[in-house]
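Just data_33.txt here, compact mmCIF, C-alpha atoms:
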# COMPACT_ATOMS: atom_id res chain seq x y z
CA MET O 1 35.76 -10.50 30.22
CA LYS O 2 36.62 -12.38 33.40
CA LYS O 3 34.71 -11.66 36.61
CA GLU O 4 37.69 -10.14 38.40
CA TYR O 5 37.95 -7.49 35.65
CA ARG O 6 34.33 -6.30 35.95
CA LEU O 7 32.66 -3.53 37.92
CA LYS O 8 29.08 -4.55 38.63
CA LYS O 9 27.86 -2.97 41.87
CA ASN O 10 26.22 0.43 41.95
CA GLU O 11 28.42 1.57 44.86
CA ASP O 12 31.54 0.76 42.82
CA PHE O 13 30.23 2.85 39.93
CA GLN O 14 29.31 5.71 42.27
CA HIS O 15 32.76 5.63 43.89
CA VAL O 16 34.46 5.99 40.49
CA PHE O 17 32.11 8.80 39.42
CA GLN O 18 32.55 10.75 42.67
CA ARG O 19 36.25 10.21 43.38
CA GLY O 20 37.73 9.69 39.93
CA TYR O 21 38.52 11.96 37.03
CA SER O 22 37.43 11.78 33.43
CA VAL O 23 38.91 11.99 29.95
CA ALA O 24 36.91 11.90 26.73
CA ASN O 25 37.03 11.82 22.97
CA ARG O 26 34.12 11.91 20.51
CA GLN O 27 33.19 8.27 21.03
CA PHE O 28 33.97 7.45 24.67
CA VAL O 29 34.18 8.98 28.14
CA VAL O 30 36.58 7.30 30.58
CA TYR O 31 36.31 7.74 34.34
CA GLN O 32 39.06 6.26 36.49
CA VAL O 33 40.11 6.10 40.10
CA LYS O 34 43.31 4.61 41.52
CA LYS O 35 42.90 1.80 44.07
CA VAL O 36 46.14 1.17 45.96
CA ASP O 37 45.16 -2.20 47.46
CA GLN O 38 43.91 -3.65 44.17
CA THR O 39 45.93 -6.04 42.00
CA THR O 40 43.77 -6.13 38.85
CA ILE O 41 42.14 -3.45 36.75
CA ARG O 42 38.33 -3.49 36.74
CA PHE O 43 36.16 -2.11 33.94
CA GLY O 44 32.55 -0.98 33.98
CA LEU O 45 30.77 -0.37 30.69
CA SER O 46 27.82 1.95 30.16
CA ILE O 47 25.87 2.20 26.92
CA SER O 48 22.84 4.49 26.98
CA LYS O 49 19.44 3.68 25.47
CA LYS O 50 19.92 6.77 23.31
CA ILE O 51 22.47 4.83 21.26
CA GLY O 52 20.00 2.23 20.02
CA ASN O 53 17.88 -0.77 20.84
CA ALA O 54 19.04 -3.70 22.98
CA VAL O 55 20.57 -5.53 20.03
CA MET O 56 22.72 -2.51 19.12
CA ARG O 57 23.76 -1.87 22.73
CA ASN O 58 24.73 -5.51 23.28
CA ARG O 59 26.72 -5.54 20.02
CA ILE O 60 28.66 -2.45 21.15
CA ARG O 61 29.21 -3.97 24.59
CA ARG O 62 30.58 -7.20 23.06
CA LEU O 63 32.96 -5.26 20.81
CA MET O 64 34.15 -3.10 23.70
CA LYS O 65 34.75 -6.16 25.89
CA GLU O 66 36.79 -7.82 23.16
CA VAL O 67 38.98 -4.73 22.73
CA LEU O 68 39.43 -4.39 26.50
CA ARG O 69 40.33 -8.08 26.77
CA GLU O 70 43.24 -7.41 24.41
CA LEU O 71 44.31 -4.18 26.14
CA THR O 72 43.99 -5.30 29.79
CA ASP O 73 47.57 -6.54 30.07
CA LYS O 74 48.91 -3.22 28.73
CA CYS O 75 47.08 -1.12 31.35
CA HIS O 76 47.97 -0.16 34.90
CA GLN O 77 46.41 -2.79 37.15
CA ASP O 78 45.55 -0.68 40.20
CA ARG O 79 42.54 1.14 38.72
CA ASP O 80 38.77 1.05 38.53
CA VAL O 81 37.61 2.34 35.15
CA ILE O 82 34.19 3.18 33.71
CA ILE O 83 33.83 3.60 29.96
CA ILE O 84 30.74 5.34 28.64
CA ALA O 85 29.92 4.95 24.95
CA ARG O 86 28.64 7.99 23.07
CA LYS O 87 26.29 8.13 20.07
CA PRO O 88 28.91 7.87 17.23
CA VAL O 89 29.88 4.38 18.45
CA ALA O 90 26.68 2.98 16.96
CA ASP O 91 28.06 3.39 13.42
CA MET O 92 31.54 2.01 14.12
CA ASP O 93 33.01 -1.40 13.40
CA TYR O 94 35.48 -3.37 15.54
CA HIS O 95 38.65 -1.75 14.20
CA GLU O 96 37.31 1.79 14.63
CA ILE O 97 36.20 1.02 18.20
CA LYS O 98 39.63 -0.46 18.95
CA LYS O 99 41.43 2.59 17.57
CA SER O 100 39.20 5.00 19.48
CA LEU O 101 39.39 3.09 22.79
CA ASN O 102 43.16 2.79 22.43
CA HIS O 103 43.36 6.56 21.89
CA VAL O 104 41.20 7.49 24.87
CA LEU O 105 43.09 5.08 27.15
CA LYS O 106 46.39 6.69 26.10
CA VAL O 107 44.98 10.15 26.81
CA ALA O 108 43.76 8.91 30.22
CA LYS O 109 47.30 7.55 30.86
CA LEU O 110 45.91 4.12 31.67
CA GLN O 111 48.38 2.28 29.46
CA LYS O 112 51.86 1.51 30.72
CA PRO O 113 54.55 3.57 28.93
CA HIS O 114 56.48 0.59 27.54
CA SER O 115 53.32 -0.93 26.03
CA ILE O 116 52.65 2.24 24.03
CA GLU O 117 56.09 2.05 22.40
CA ARG O 118 55.67 -1.64 21.59
CA SER O 119 52.26 -1.04 20.02
CA ARG O 120 54.00 1.26 17.50
CA GLY O 121 56.46 -1.49 16.65
CA GLU O 122 59.40 -0.02 18.59
CA ILE O 123 60.88 -2.50 21.04
CA ARG O 124 63.37 -1.15 23.55

How does this structure look as structure tokens?
Amino acid sequence: MKKEYRLKKNEDFQHVFQRGYSVANRQFVVYQVKKVDQTTIRFGLSISKKIGNAVMRNRIRRLMKEVLRELTDKCHQDRDVIIIARKPVADMDYHEIKKSLNHVLKVAKLQKPHSIERSRGEIR
């Protein structure tokens, strides 16, 4: 994931937690806040130590980054987003993580409407 798409600073995370709103499914929690003056979407990832050891957490982080790299162009660009992985993610493979992240981003209304239709194979 490119640097301009990352949330790294603690104050950025705190701003999203305090000012944003959240949506969740069984595997992920998504916090988001709209930033009017921002031109690119920024993601912050959080994987708790409860999920597993460092190897497991880094594996999950790599898979999440790969999925987000594919979905970044389909999302609204004026947002800061934090995605928190929950325990069931530890047993998932790439395709399951992609399906679950895609679902939670749709529920959070982060994806642009035309990109949702195209992902189903309907081009208008």

**Request:** Step by step: start from the point (34.1, 9.6, 40.6) in the file's coordinates, keep every protein, DNA or RNA residue that has an atom no farther than 10 Å from it, count all atoms listed in the file, and write the set as a VMD selection string.
**Result:** chain O and resid 12 to 22 31 to 33 80 to 82

**Residue with smallest distance to Lys3 in chain O - pool O:Arg26, O:Arg69, O:Lys49, O:Arg59, counting all atoms listed in the file** = O:Arg69

**Message:** Around the point (28.9, 0.0, 18.1) (coordinates from the file), which residues reach within 10 Å if we count only C-alpha atoms? Answer as a PyMOL selection string.
**Reply:** chain O and resi 27+47+51-52+56-64+85-94+96-97

**Prompt:** Smallest atom-to-atom distance to His95 in chain O: which of O:Tyr5, O:Glu66, O:Lys35, O:Gln77, using all atoms listed in the file?
**Reply:** O:Glu66

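The space between CA of Phe43 in chain O and CA of Leu7 in chain O spans 5.5 Å.
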
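Distance-wise, CA of Leu71 in chain O and CA of Asn102 in chain O end up 8.0 Å apart.
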
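Counting all atoms listed in the file and comparing O:Pro113, O:Val30, O:Asp37, O:Gly44, the residue that lies closest to Glu11 in chain O is O:Gly44.
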
**Message:** Can you pull out the residues contacting Ala24 in chain O? Cut-off 9 Å, using only C-alpha atoms, and skip same-chain residues under 4 positions away; I want them as a ChimeraX atom specification.
**Reply:** /O:28-31,104,107-108

**Request:** To one decimal in Å, tell me the separation between CA of Asp78 in chain O and CA of Ser48 in chain O.
**Result:** 26.8 Å

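Taking all atoms listed in the file into account, Lys74 in chain O lies nearest to O:Leu110 out of the set O:Leu110, O:Ser46, O:Ala54, O:Lys99.
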
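Considering only C-alpha atoms, the residue among O:Ile84, O:Val36, O:Leu45, O:Val23 positioned nearest to Lys65 in chain O is O:Leu45.
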
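Each of O:Lys50, O:Lys34, O:Ile41, O:Asn25 was checked against Lys106 in chain O using all atoms listed in the file; the smallest atom-to-atom distance is that of O:Asn25.
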